[in-house]
>>> print(open('structure06.pdb').read())   # PDB, C-alpha atoms and all ligand atoms
MODEL        1
ATOM      1  CA  MET A   1     -28.861  18.062 -14.000  1.00  0.00           C
ATOM      2  CA  ASN A   2     -26.849  15.418 -12.184  1.00  0.00           C
ATOM      3  CA  THR A   3     -23.221  15.747 -13.301  1.00  0.00           C
ATOM      4  CA  ASN A   4     -21.887  13.177 -10.824  1.00  0.00           C
ATOM      5  CA  ARG A   5     -20.832  10.170 -12.905  1.00  0.00           C
ATOM      6  CA  LEU A   6     -20.441   7.972  -9.811  1.00  0.00           C
ATOM      7  CA  SER A   7     -23.300   6.148  -8.108  1.00  0.00           C
ATOM      8  CA  ASN A   8     -23.847   7.045  -4.447  1.00  0.00           C
ATOM      9  CA  GLU A   9     -22.611   3.614  -3.442  1.00  0.00           C
ATOM     10  CA  MET A  10     -19.497   3.913  -5.594  1.00  0.00           C
ATOM     11  CA  GLN A  11     -18.690   7.406  -4.341  1.00  0.00           C
ATOM     12  CA  SER A  12     -18.972   6.241  -0.714  1.00  0.00           C
ATOM     13  CA  ALA A  13     -16.794   3.188  -1.429  1.00  0.00           C
ATOM     14  CA  LEU A  14     -14.129   5.367  -3.102  1.00  0.00           C
ATOM     15  CA  ILE A  15     -14.149   7.799  -0.165  1.00  0.00           C
ATOM     16  CA  ARG A  16     -13.732   4.841   2.232  1.00  0.00           C
ATOM     17  CA  GLN A  17     -10.718   3.735   0.189  1.00  0.00           C
ATOM     18  CA  MET A  18      -9.270   7.261   0.337  1.00  0.00           C
ATOM     19  CA  THR A  19      -9.429   6.990   4.126  1.00  0.00           C
ATOM     20  CA  LYS A  20      -7.873   3.507   4.071  1.00  0.00           C
ATOM     21  CA  GLU A  21      -4.930   4.774   2.036  1.00  0.00           C
ATOM     22  CA  ALA A  22      -4.481   7.693   4.454  1.00  0.00           C
ATOM     23  CA  HIS A  23      -4.655   5.228   7.345  1.00  0.00           C
ATOM     24  CA  ALA A  24      -1.996   3.038   5.696  1.00  0.00           C
ATOM     25  CA  SER A  25       0.201   6.119   5.342  1.00  0.00           C
ATOM     26  CA  GLN A  26      -0.120   6.828   9.069  1.00  0.00           C
ATOM     27  CA  ILE A  27       0.563   3.182   9.969  1.00  0.00           C
ATOM     28  CA  PHE A  28       3.809   3.083   7.974  1.00  0.00           C
ATOM     29  CA  LEU A  29       4.823   6.466   9.358  1.00  0.00           C
ATOM     30  CA  SER A  30       4.233   5.152  12.856  1.00  0.00           C
ATOM     31  CA  TYR A  31       6.202   1.931  12.179  1.00  0.00           C
ATOM     32  CA  GLY A  32       8.950   4.140  10.709  1.00  0.00           C
ATOM     33  CA  CYS A  33       9.179   6.093  13.963  1.00  0.00           C
ATOM     34  CA  TRP A  34       9.330   2.809  15.885  1.00  0.00           C
ATOM     35  CA  ALA A  35      12.182   1.575  13.649  1.00  0.00           C
ATOM     36  CA  ASP A  36      14.007   4.902  14.009  1.00  0.00           C
ATOM     37  CA  ILE A  37      13.716   4.836  17.813  1.00  0.00           C
ATOM     38  CA  ASN A  38      15.158   1.311  17.806  1.00  0.00           C
ATOM     39  CA  GLY A  39      18.186   2.354  15.773  1.00  0.00           C
ATOM     40  CA  TYR A  40      17.105   1.043  12.372  1.00  0.00           C
ATOM     41  CA  GLY A  41      17.499   4.254  10.405  1.00  0.00           C
ATOM     42  CA  GLY A  42      17.523   2.509   7.010  1.00  0.00           C
ATOM     43  CA  ILE A  43      14.338   0.541   7.705  1.00  0.00           C
ATOM     44  CA  ALA A  44      12.742   3.729   9.027  1.00  0.00           C
ATOM     45  CA  ASN A  45      13.678   5.522   5.809  1.00  0.00           C
ATOM     46  CA  PHE A  46      12.133   2.709   3.767  1.00  0.00           C
ATOM     47  CA  LEU A  47       8.900   2.925   5.813  1.00  0.00           C
ATOM     48  CA  TYR A  48       8.746   6.722   5.581  1.00  0.00           C
ATOM     49  CA  ARG A  49       9.031   6.476   1.796  1.00  0.00           C
ATOM     50  CA  HIS A  50       6.314   3.841   1.752  1.00  0.00           C
ATOM     51  CA  SER A  51       4.133   6.101   3.868  1.00  0.00           C
ATOM     52  CA  GLN A  52       4.433   8.775   1.167  1.00  0.00           C
ATOM     53  CA  GLU A  53       3.377   6.234  -1.484  1.00  0.00           C
ATOM     54  CA  GLU A  54       0.214   5.505   0.451  1.00  0.00           C
ATOM     55  CA  ARG A  55      -0.545   9.196   0.646  1.00  0.00           C
ATOM     56  CA  ASN A  56      -0.071   9.360  -3.118  1.00  0.00           C
ATOM     57  CA  HIS A  57      -2.638   6.562  -3.440  1.00  0.00           C
ATOM     58  CA  MET A  58      -5.091   8.574  -1.362  1.00  0.00           C
ATOM     59  CA  ILE A  59      -4.591  11.560  -3.670  1.00  0.00           C
ATOM     60  CA  LYS A  60      -5.250   9.382  -6.740  1.00  0.00           C
ATOM     61  CA  PHE A  61      -8.646   8.344  -5.300  1.00  0.00           C
ATOM     62  CA  MET A  62      -9.447  11.944  -4.374  1.00  0.00           C
ATOM     63  CA  ARG A  63      -8.541  13.145  -7.871  1.00  0.00           C
ATOM     64  CA  TYR A  64     -10.598  10.407  -9.520  1.00  0.00           C
ATOM     65  CA  ILE A  65     -13.737  11.198  -7.478  1.00  0.00           C
ATOM     66  CA  LEU A  66     -13.407  14.894  -8.351  1.00  0.00           C
ATOM     67  CA  ASP A  67     -12.708  14.229 -12.028  1.00  0.00           C
ATOM     68  CA  ARG A  68     -15.909  12.179 -12.252  1.00  0.00           C
ATOM     69  CA  GLY A  69     -17.947  15.078 -10.928  1.00  0.00           C
ATOM     70  CA  GLY A  70     -18.183  13.530  -7.481  1.00  0.00           C
ATOM     71  CA  GLU A  71     -17.656  14.938  -4.023  1.00  0.00           C
ATOM     72  CA  ALA A  72     -14.396  13.829  -2.454  1.00  0.00           C
ATOM     73  CA  LYS A  73     -14.407  13.950   1.329  1.00  0.00           C
ATOM     74  CA  VAL A  74     -11.535  13.876   3.801  1.00  0.00           C
ATOM     75  CA  GLU A  75     -12.592  11.791   6.765  1.00  0.00           C
ATOM     76  CA  ALA A  76     -11.096  11.097  10.195  1.00  0.00           C
ATOM     77  CA  ILE A  77      -8.291   8.532  10.212  1.00  0.00           C
ATOM     78  CA  PRO A  78      -8.194   5.916  12.980  1.00  0.00           C
ATOM     79  CA  ALA A  79      -5.057   5.897  15.144  1.00  0.00           C
ATOM     80  CA  PRO A  80      -2.309   3.523  13.970  1.00  0.00           C
ATOM     81  CA  PRO A  81      -2.150   0.173  15.815  1.00  0.00           C
ATOM     82  CA  GLU A  82       0.353  -0.386  18.604  1.00  0.00           C
ATOM     83  CA  ASN A  83       4.026  -0.681  17.755  1.00  0.00           C
ATOM     84  CA  PRO A  84       5.412  -3.975  16.429  1.00  0.00           C
ATOM     85  CA  LYS A  85       7.137  -6.254  18.940  1.00  0.00           C
ATOM     86  CA  ASN A  86      10.214  -6.796  16.783  1.00  0.00           C
ATOM     87  CA  LEU A  87      11.348  -6.629  13.154  1.00  0.00           C
ATOM     88  CA  THR A  88       9.706  -9.939  12.189  1.00  0.00           C
ATOM     89  CA  ASP A  89       6.426  -8.686  13.638  1.00  0.00           C
ATOM     90  CA  CYS A  90       6.874  -5.354  11.847  1.00  0.00           C
ATOM     91  CA  PHE A  91       7.457  -6.911   8.410  1.00  0.00           C
ATOM     92  CA  ASN A  92       4.667  -9.491   8.906  1.00  0.00           C
ATOM     93  CA  LYS A  93       2.293  -6.645   9.754  1.00  0.00           C
ATOM     94  CA  VAL A  94       3.355  -4.659   6.679  1.00  0.00           C
ATOM     95  CA  PHE A  95       2.651  -7.735   4.522  1.00  0.00           C
ATOM     96  CA  GLN A  96      -0.714  -8.424   6.195  1.00  0.00           C
ATOM     97  CA  HIS A  97      -1.690  -4.807   5.753  1.00  0.00           C
ATOM     98  CA  GLU A  98      -1.002  -4.999   2.026  1.00  0.00           C
ATOM     99  CA  VAL A  99      -3.017  -8.213   1.704  1.00  0.00           C
ATOM    100  CA  ASP A 100      -5.944  -6.579   3.517  1.00  0.00           C
ATOM    101  CA  ASN A 101      -5.686  -3.588   1.205  1.00  0.00           C
ATOM    102  CA  THR A 102      -5.739  -5.872  -1.834  1.00  0.00           C
ATOM    103  CA  THR A 103      -9.045  -7.261  -0.534  1.00  0.00           C
ATOM    104  CA  SER A 104     -10.447  -3.708  -0.373  1.00  0.00           C
ATOM    105  CA  ILE A 105      -9.222  -2.976  -3.893  1.00  0.00           C
ATOM    106  CA  TYR A 106     -10.848  -6.186  -5.197  1.00  0.00           C
ATOM    107  CA  GLU A 107     -14.140  -5.202  -3.544  1.00  0.00           C
ATOM    108  CA  LEU A 108     -14.064  -1.925  -5.467  1.00  0.00           C
ATOM    109  CA  VAL A 109     -13.315  -3.754  -8.716  1.00  0.00           C
ATOM    110  CA  ASP A 110     -16.212  -6.087  -7.971  1.00  0.00           C
ATOM    111  CA  LEU A 111     -18.587  -3.185  -7.303  1.00  0.00           C
ATOM    112  CA  ALA A 112     -17.506  -1.463 -10.535  1.00  0.00           C
ATOM    113  CA  PHE A 113     -18.166  -4.721 -12.391  1.00  0.00           C
ATOM    114  CA  GLN A 114     -21.615  -5.130 -10.840  1.00  0.00           C
ATOM    115  CA  GLU A 115     -22.534  -1.533 -11.714  1.00  0.00           C
ATOM    116  CA  LYS A 116     -21.019  -1.804 -15.204  1.00  0.00           C
ATOM    117  CA  ASP A 117     -19.063   1.324 -14.261  1.00  0.00           C
ATOM    118  CA  TRP A 118     -16.265   0.647 -16.706  1.00  0.00           C
ATOM    119  CA  ALA A 119     -14.502   3.966 -16.063  1.00  0.00           C
ATOM    120  CA  THR A 120     -14.013   3.043 -12.404  1.00  0.00           C
ATOM    121  CA  TRP A 121     -13.221  -0.552 -13.326  1.00  0.00           C
ATOM    122  CA  ASN A 122     -10.500   0.753 -15.640  1.00  0.00           C
ATOM    123  CA  PHE A 123      -9.179   3.217 -13.023  1.00  0.00           C
ATOM    124  CA  MET A 124      -8.996   0.409 -10.471  1.00  0.00           C
ATOM    125  CA  GLN A 125      -6.773  -1.747 -12.675  1.00  0.00           C
ATOM    126  CA  TRP A 126      -3.847   0.541 -11.815  1.00  0.00           C
ATOM    127  CA  PHE A 127      -4.365  -0.419  -8.163  1.00  0.00           C
ATOM    128  CA  VAL A 128      -4.722  -4.123  -8.933  1.00  0.00           C
ATOM    129  CA  LYS A 129      -1.255  -3.969 -10.519  1.00  0.00           C
ATOM    130  CA  GLU A 130       0.107  -1.760  -7.758  1.00  0.00           C
ATOM    131  CA  GLN A 131      -0.960  -4.306  -5.124  1.00  0.00           C
ATOM    132  CA  ILE A 132       1.041  -7.042  -6.858  1.00  0.00           C
ATOM    133  CA  GLU A 133       4.070  -4.778  -6.485  1.00  0.00           C
ATOM    134  CA  GLU A 134       3.310  -3.801  -2.907  1.00  0.00           C
ATOM    135  CA  GLU A 135       2.757  -7.390  -1.764  1.00  0.00           C
ATOM    136  CA  LYS A 136       5.979  -8.432  -3.479  1.00  0.00           C
ATOM    137  CA  LEU A 137       7.886  -5.601  -1.804  1.00  0.00           C
ATOM    138  CA  ALA A 138       6.529  -6.673   1.596  1.00  0.00           C
ATOM    139  CA  LEU A 139       7.340 -10.339   0.890  1.00  0.00           C
ATOM    140  CA  GLU A 140      10.904  -9.332   0.053  1.00  0.00           C
ATOM    141  CA  LEU A 141      11.211  -7.641   3.445  1.00  0.00           C
ATOM    142  CA  ILE A 142      10.193 -10.883   5.159  1.00  0.00           C
ATOM    143  CA  ASP A 143      12.589 -12.920   3.000  1.00  0.00           C
ATOM    144  CA  LYS A 144      15.538 -10.565   3.566  1.00  0.00           C
ATOM    145  CA  LEU A 145      15.035 -10.690   7.324  1.00  0.00           C
ATOM    146  CA  LYS A 146      14.764 -14.507   7.270  1.00  0.00           C
ATOM    147  CA  ILE A 147      18.046 -14.733   5.370  1.00  0.00           C
ATOM    148  CA  ALA A 148      19.654 -12.364   7.888  1.00  0.00           C
ATOM    149  CA  GLY A 149      18.642 -14.787  10.678  1.00  0.00           C
ATOM    150  CA  GLY A 150      15.163 -13.599  11.676  1.00  0.00           C
ATOM    151  CA  ASP A 151      14.767 -12.881  15.387  1.00  0.00           C
ATOM    152  CA  GLN A 152      18.162 -14.508  15.974  1.00  0.00           C
ATOM    153  CA  ALA A 153      19.939 -12.283  13.432  1.00  0.00           C
ATOM    154  CA  SER A 154      23.323 -10.978  14.532  1.00  0.00           C
ATOM    155  CA  ASP A 155      23.878  -7.251  14.997  1.00  0.00           C
ATOM    156  CA  GLU A 156      26.160  -7.336  11.998  1.00  0.00           C
ATOM    157  CA  SER A 157      23.595  -8.874   9.631  1.00  0.00           C
ATOM    158  CA  LEU A 158      20.911  -6.482  10.918  1.00  0.00           C
ATOM    159  CA  PHE A 159      23.278  -3.596  10.266  1.00  0.00           C
ATOM    160  CA  THR A 160      23.731  -4.822   6.678  1.00  0.00           C
ATOM    161  CA  LEU A 161      19.976  -5.311   6.210  1.00  0.00           C
ATOM    162  CA  ASP A 162      19.245  -1.854   7.576  1.00  0.00           C
ATOM    163  CA  LYS A 163      21.742  -0.311   5.194  1.00  0.00           C
ATOM    164  CA  ALA A 164      20.360  -2.294   2.240  1.00  0.00           C
ATOM    165  CA  LEU A 165      16.814  -1.091   2.914  1.00  0.00           C
ATOM    166  CA  GLU A 166      17.911   2.519   3.103  1.00  0.00           C
ATOM    167  CA  GLU A 167      19.097   2.219  -0.484  1.00  0.00           C
ATOM    168  CA  ALA A 168      16.486  -0.281  -1.724  1.00  0.00           C
ATOM    169  CA  SER A 169      14.375   0.682  -4.710  1.00  0.00           C
ATOM    170  CA  ASP A 170      10.686   1.256  -4.070  1.00  0.00           C
ATOM    171  CA  GLU A 171       9.931  -0.329  -7.427  1.00  0.00           C
ATOM    172  CA  VAL A 172       9.800  -4.054  -8.107  1.00  0.00           C
ATOM    173  CA  SER A 173       9.518  -5.806 -11.446  1.00  0.00           C
ATOM    174  CA  LEU A 174       6.233  -7.506 -12.289  1.00  0.00           C
ATOM    175  CA  PRO A 175       5.701 -10.984 -13.785  1.00  0.00           C
ATOM    176  CA  GLN A 176       4.127  -9.242 -16.783  1.00  0.00           C
ATOM    177  CA  THR A 177       7.565  -7.890 -17.749  1.00  0.00           C
ATOM    178  CA  ALA A 178       9.458 -11.172 -17.262  1.00  0.00           C
ATOM    179  CA  THR A 179      10.984 -12.943 -20.259  1.00  0.00           C
ATOM    180  CA  ALA A 180      12.989 -16.163 -20.628  1.00  0.00           C
ATOM    181  CA  ASP A 181      16.123 -14.041 -21.062  1.00  0.00           C
ATOM    182  CA  ASN A 182      15.334 -11.893 -18.057  1.00  0.00           C
ATOM    183  CA  PRO A 183      13.089 -13.850 -15.695  1.00  0.00           C
ATOM    184  CA  SER A 184      13.733 -11.920 -12.451  1.00  0.00           C
TER     185      SER A 184
HETATM  186 FE1  LIG B 201      -2.027   1.820  -1.124  1.00  0.00          FE
HETATM  187 FE2  LIG B 201      -0.027  -0.315   0.017  1.00  0.00          FE
HETATM  188  O1  LIG B 201      -1.546   0.101  -0.928  1.00  0.00           O
ENDMDL
END
>>> encode(input="structure06.pdb", output="structure tokens")
Amino acid sequence: MNTNRLSNEMQSALIRQMTKEAHASQIFLSYGCWADINGYGGIANFLYRHSQEERNHMIKFMRYILDRGGEAKVEAIPAPPENPKNLTDCFNKVFQHEVDNTTSIYELVDLAFQEKDWATWNFMQWFVKEQIEEEKLALELIDKLKIAGGDQASDESLFTLDKALEEASDEVSLPQTATADNPS
């Protein structure tokens, strides 16, 4: 009796996403080291925390595959890309990485829809929402750096930005929770 509730194609796609999340975790860890080496301890801390979130995402996919009677598989992770050139490059790359991940998430949603695999479709909605948050968080990094002066930012404003990111929340509010009284 086949107790695997995932199609072969879906199981492979979910395993690929597990690997992508693990890869993202390594990328942010690597950018964190780069920030640390360059004296941005607060930004490094922010990136290390984000790296842990990505690992949590990997675990969620692993757990889901197993819970559906499937075979989760831990695959090799590609090496992280080379270090960013500067903070603008770093934050742009974080944003681009999130956008690319959203594309992968949408592909999984699309596959679930095509297969009428409503359990996976429902599971994936958590990630659709999560990507709105993650893209917003990355956009805020870009905005904060722009306000600080971008590549021309003074040491003082970079010091303030670094400190702010050390203490920044990893959570952002979503448009779904906005009201006229509390729009932000
Ligand atoms: Fe796991 Fe940043 O998405």
>>> resolve_selection(input="structure06.pdb", expression="the PyMOL selection byres (((chain A and resi 104) around 12) and not hetatm)", output="MDAnalysis selection string")
chainID A and resid 13:14 16:21 97:103 105:111 124 127:128 131
>>> resolve_selection(input="structure06.pdb", expression="the PyMOL selection byres (((chain A and resi 62) around 12) and not hetatm)", output="ChimeraX atom specification")
/A:11-19,21-22,55-61,63-75
>>> closest_residue(input="structure06.pdb", among="A:Val172, A:Leu6, A:Ile132, A:Cys33", to="ligand LIG 201 (chain B)", atoms="only C-alpha atoms and all ligand atoms")
A:Ile132
>>> atom_distance(input="structure06.pdb", atom1="atom CA of A:Gly42", atom2="atom FE1 of ligand LIG 201 (chain B)")
21.2 Å
>>> axis_aligned_box(input="structure06.pdb", around="stretch 173-181 of chain A", padding_each_side="4 Å", output="AutoDock Vina command-line options")
--center_x 10.1 --center_y -11.0 --center_z -16.3 --size_x 20.0 --size_y 18.4 --size_z 17.6
>>> closest_residue(input="structure06.pdb", among="A:Asn86, A:Ser169, A:Thr177, A:Asn38", to="A:His50", atoms="all atoms listed in the file")
A:Ser169
>>> closest_residue(input="structure06.pdb", among="A:Glu134, A:Met1, A:His23, A:Asp89", to="ligand LIG 201 (chain B)", atoms="all atoms listed in the file")
A:Glu134
>>> resolve_selection(input="structure06.pdb", expression="the PyMOL selection byres (((chain A and resi 139-151) around 12) and not hetatm)", output="number ranges by chain")
A: 43, 46-47, 85-99, 131-138, 152-162, 164-165, 168-172
>>> atom_distance(input="structure06.pdb", atom1="atom FE2 of ligand LIG 201 (chain B)", atom2="atom CA of A:Ala24")
6.9 Å
>>> closest_residue(input="structure06.pdb", among="A:Lys129, A:Lys116, A:Arg5, A:Lys163", to="ligand LIG 201 (chain B)", atoms="all atoms listed in the file")
A:Lys129
>>> atom_distance(input="structure06.pdb", atom1="atom CA of A:Tyr48", atom2="atom CA of A:Pro84")
15.6 Å
>>> closest_residue(input="structure06.pdb", among="A:Gln26, A:Asn8, A:Asn182, A:Gln176", to="ligand LIG 201 (chain B)", atoms="all atoms listed in the file")
A:Gln26
>>> decode(input="structure06.pdb", residues="stretch 13-36 of chain A", atoms="N, CA, C and O atoms", output="PDB file, in the first residue's frame")
ATOM      1  N   ALA A  13       9.943  18.420  -5.632  1.00  0.00           N
ATOM      2  CA  ALA A  13       9.906  19.888  -5.586  1.00  0.00           C
ATOM      3  C   ALA A  13      10.048  20.376  -4.138  1.00  0.00           C
ATOM      4  O   ALA A  13      10.740  21.369  -3.870  1.00  0.00           O
ATOM      5  N   LEU A  14       9.430  19.672  -3.193  1.00  0.00           N
ATOM      6  CA  LEU A  14       9.526  20.076  -1.781  1.00  0.00           C
ATOM      7  C   LEU A  14      10.942  19.849  -1.246  1.00  0.00           C
ATOM      8  O   LEU A  14      11.459  20.662  -0.471  1.00  0.00           O
ATOM      9  N   ILE A  15      11.580  18.775  -1.693  1.00  0.00           N
ATOM     10  CA  ILE A  15      12.974  18.526  -1.274  1.00  0.00           C
ATOM     11  C   ILE A  15      13.888  19.622  -1.845  1.00  0.00           C
ATOM     12  O   ILE A  15      14.761  20.137  -1.151  1.00  0.00           O
ATOM     13  N   ARG A  16      13.633  20.006  -3.107  1.00  0.00           N
ATOM     14  CA  ARG A  16      14.439  21.093  -3.711  1.00  0.00           C
ATOM     15  C   ARG A  16      14.279  22.378  -2.896  1.00  0.00           C
ATOM     16  O   ARG A  16      15.228  23.108  -2.663  1.00  0.00           O
ATOM     17  N   GLN A  17      13.059  22.631  -2.423  1.00  0.00           N
ATOM     18  CA  GLN A  17      12.830  23.843  -1.630  1.00  0.00           C
ATOM     19  C   GLN A  17      13.514  23.764  -0.275  1.00  0.00           C
ATOM     20  O   GLN A  17      14.043  24.760   0.225  1.00  0.00           O
ATOM     21  N   MET A  18      13.530  22.550   0.302  1.00  0.00           N
ATOM     22  CA  MET A  18      14.293  22.346   1.558  1.00  0.00           C
ATOM     23  C   MET A  18      15.736  22.791   1.358  1.00  0.00           C
ATOM     24  O   MET A  18      16.309  23.504   2.183  1.00  0.00           O
ATOM     25  N   THR A  19      16.314  22.361   0.243  1.00  0.00           N
ATOM     26  CA  THR A  19      17.721  22.688  -0.049  1.00  0.00           C
ATOM     27  C   THR A  19      17.882  24.195  -0.272  1.00  0.00           C
ATOM     28  O   THR A  19      18.869  24.790   0.168  1.00  0.00           O
ATOM     29  N   LYS A  20      16.896  24.796  -0.946  1.00  0.00           N
ATOM     30  CA  LYS A  20      16.977  26.255  -1.180  1.00  0.00           C
ATOM     31  C   LYS A  20      16.956  27.021   0.132  1.00  0.00           C
ATOM     32  O   LYS A  20      17.661  28.025   0.296  1.00  0.00           O
ATOM     33  N   GLU A  21      16.124  26.576   1.063  1.00  0.00           N
ATOM     34  CA  GLU A  21      16.051  27.262   2.361  1.00  0.00           C
ATOM     35  C   GLU A  21      17.374  27.094   3.117  1.00  0.00           C
ATOM     36  O   GLU A  21      17.861  28.040   3.754  1.00  0.00           O
ATOM     37  N   ALA A  22      17.960  25.896   3.025  1.00  0.00           N
ATOM     38  CA  ALA A  22      19.251  25.656   3.681  1.00  0.00           C
ATOM     39  C   ALA A  22      20.331  26.525   3.033  1.00  0.00           C
ATOM     40  O   ALA A  22      21.195  27.089   3.713  1.00  0.00           O
ATOM     41  N   HIS A  23      20.245  26.655   1.707  1.00  0.00           N
ATOM     42  CA  HIS A  23      21.200  27.493   0.980  1.00  0.00           C
ATOM     43  C   HIS A  23      21.064  28.953   1.417  1.00  0.00           C
ATOM     44  O   HIS A  23      22.056  29.641   1.677  1.00  0.00           O
ATOM     45  N   ALA A  24      19.817  29.413   1.543  1.00  0.00           N
ATOM     46  CA  ALA A  24      19.571  30.796   1.988  1.00  0.00           C
ATOM     47  C   ALA A  24      20.181  31.003   3.374  1.00  0.00           C
ATOM     48  O   ALA A  24      20.790  32.047   3.656  1.00  0.00           O
ATOM     49  N   SER A  25      20.031  29.997   4.236  1.00  0.00           N
ATOM     50  CA  SER A  25      20.589  30.104   5.585  1.00  0.00           C
ATOM     51  C   SER A  25      22.109  30.283   5.519  1.00  0.00           C
ATOM     52  O   SER A  25      22.675  31.137   6.213  1.00  0.00           O
ATOM     53  N   GLN A  26      22.749  29.521   4.657  1.00  0.00           N
ATOM     54  CA  GLN A  26      24.211  29.630   4.511  1.00  0.00           C
ATOM     55  C   GLN A  26      24.610  30.991   3.926  1.00  0.00           C
ATOM     56  O   GLN A  26      25.612  31.572   4.332  1.00  0.00           O
ATOM     57  N   ILE A  27      23.817  31.471   2.970  1.00  0.00           N
ATOM     58  CA  ILE A  27      24.132  32.770   2.343  1.00  0.00           C
ATOM     59  C   ILE A  27      24.083  33.878   3.402  1.00  0.00           C
ATOM     60  O   ILE A  27      25.009  34.686   3.516  1.00  0.00           O
ATOM     61  N   PHE A  28      23.026  33.890   4.214  1.00  0.00           N
ATOM     62  CA  PHE A  28      22.909  34.966   5.207  1.00  0.00           C
ATOM     63  C   PHE A  28      23.958  34.824   6.310  1.00  0.00           C
ATOM     64  O   PHE A  28      24.446  35.820   6.843  1.00  0.00           O
ATOM     65  N   LEU A  29      24.321  33.578   6.602  1.00  0.00           N
ATOM     66  CA  LEU A  29      25.396  33.353   7.574  1.00  0.00           C
ATOM     67  C   LEU A  29      26.711  33.916   7.021  1.00  0.00           C
ATOM     68  O   LEU A  29      27.467  34.595   7.717  1.00  0.00           O
ATOM     69  N   SER A  30      26.932  33.656   5.747  1.00  0.00           N
ATOM     70  CA  SER A  30      28.160  34.119   5.108  1.00  0.00           C
ATOM     71  C   SER A  30      28.194  35.663   5.025  1.00  0.00           C
ATOM     72  O   SER A  30      29.219  36.288   5.302  1.00  0.00           O
ATOM     73  N   TYR A  31      27.060  36.271   4.660  1.00  0.00           N
ATOM     74  CA  TYR A  31      26.996  37.744   4.645  1.00  0.00           C
ATOM     75  C   TYR A  31      27.184  38.291   6.067  1.00  0.00           C
ATOM     76  O   TYR A  31      27.763  39.362   6.263  1.00  0.00           O
ATOM     77  N   GLY A  32      26.667  37.560   7.056  1.00  0.00           N
ATOM     78  CA  GLY A  32      26.832  37.982   8.454  1.00  0.00           C
ATOM     79  C   GLY A  32      28.304  38.023   8.836  1.00  0.00           C
ATOM     80  O   GLY A  32      28.774  38.977   9.473  1.00  0.00           O
ATOM     81  N   CYS A  33      29.035  37.003   8.429  1.00  0.00           N
ATOM     82  CA  CYS A  33      30.487  36.970   8.717  1.00  0.00           C
ATOM     83  C   CYS A  33      31.168  38.159   8.050  1.00  0.00           C
ATOM     84  O   CYS A  33      32.013  38.829   8.649  1.00  0.00           O
ATOM     85  N   TRP A  34      30.766  38.418   6.792  1.00  0.00           N
ATOM     86  CA  TRP A  34      31.359  39.551   6.056  1.00  0.00           C
ATOM     87  C   TRP A  34      31.097  40.865   6.805  1.00  0.00           C
ATOM     88  O   TRP A  34      32.003  41.688   6.978  1.00  0.00           O
ATOM     89  N   ALA A  35      29.845  41.044   7.281  1.00  0.00           N
ATOM     90  CA  ALA A  35      29.499  42.266   8.011  1.00  0.00           C
ATOM     91  C   ALA A  35      30.310  42.355   9.308  1.00  0.00           C
ATOM     92  O   ALA A  35      30.825  43.425   9.678  1.00  0.00           O
ATOM     93  N   ASP A  36      30.429  41.238  10.000  1.00  0.00           N
ATOM     94  CA  ASP A  36      31.180  41.188  11.258  1.00  0.00           C
ATOM     95  C   ASP A  36      32.644  41.595  11.030  1.00  0.00           C
ATOM     96  O   ASP A  36      33.203  42.433  11.759  1.00  0.00           O
TER      97      ASP A  36
END
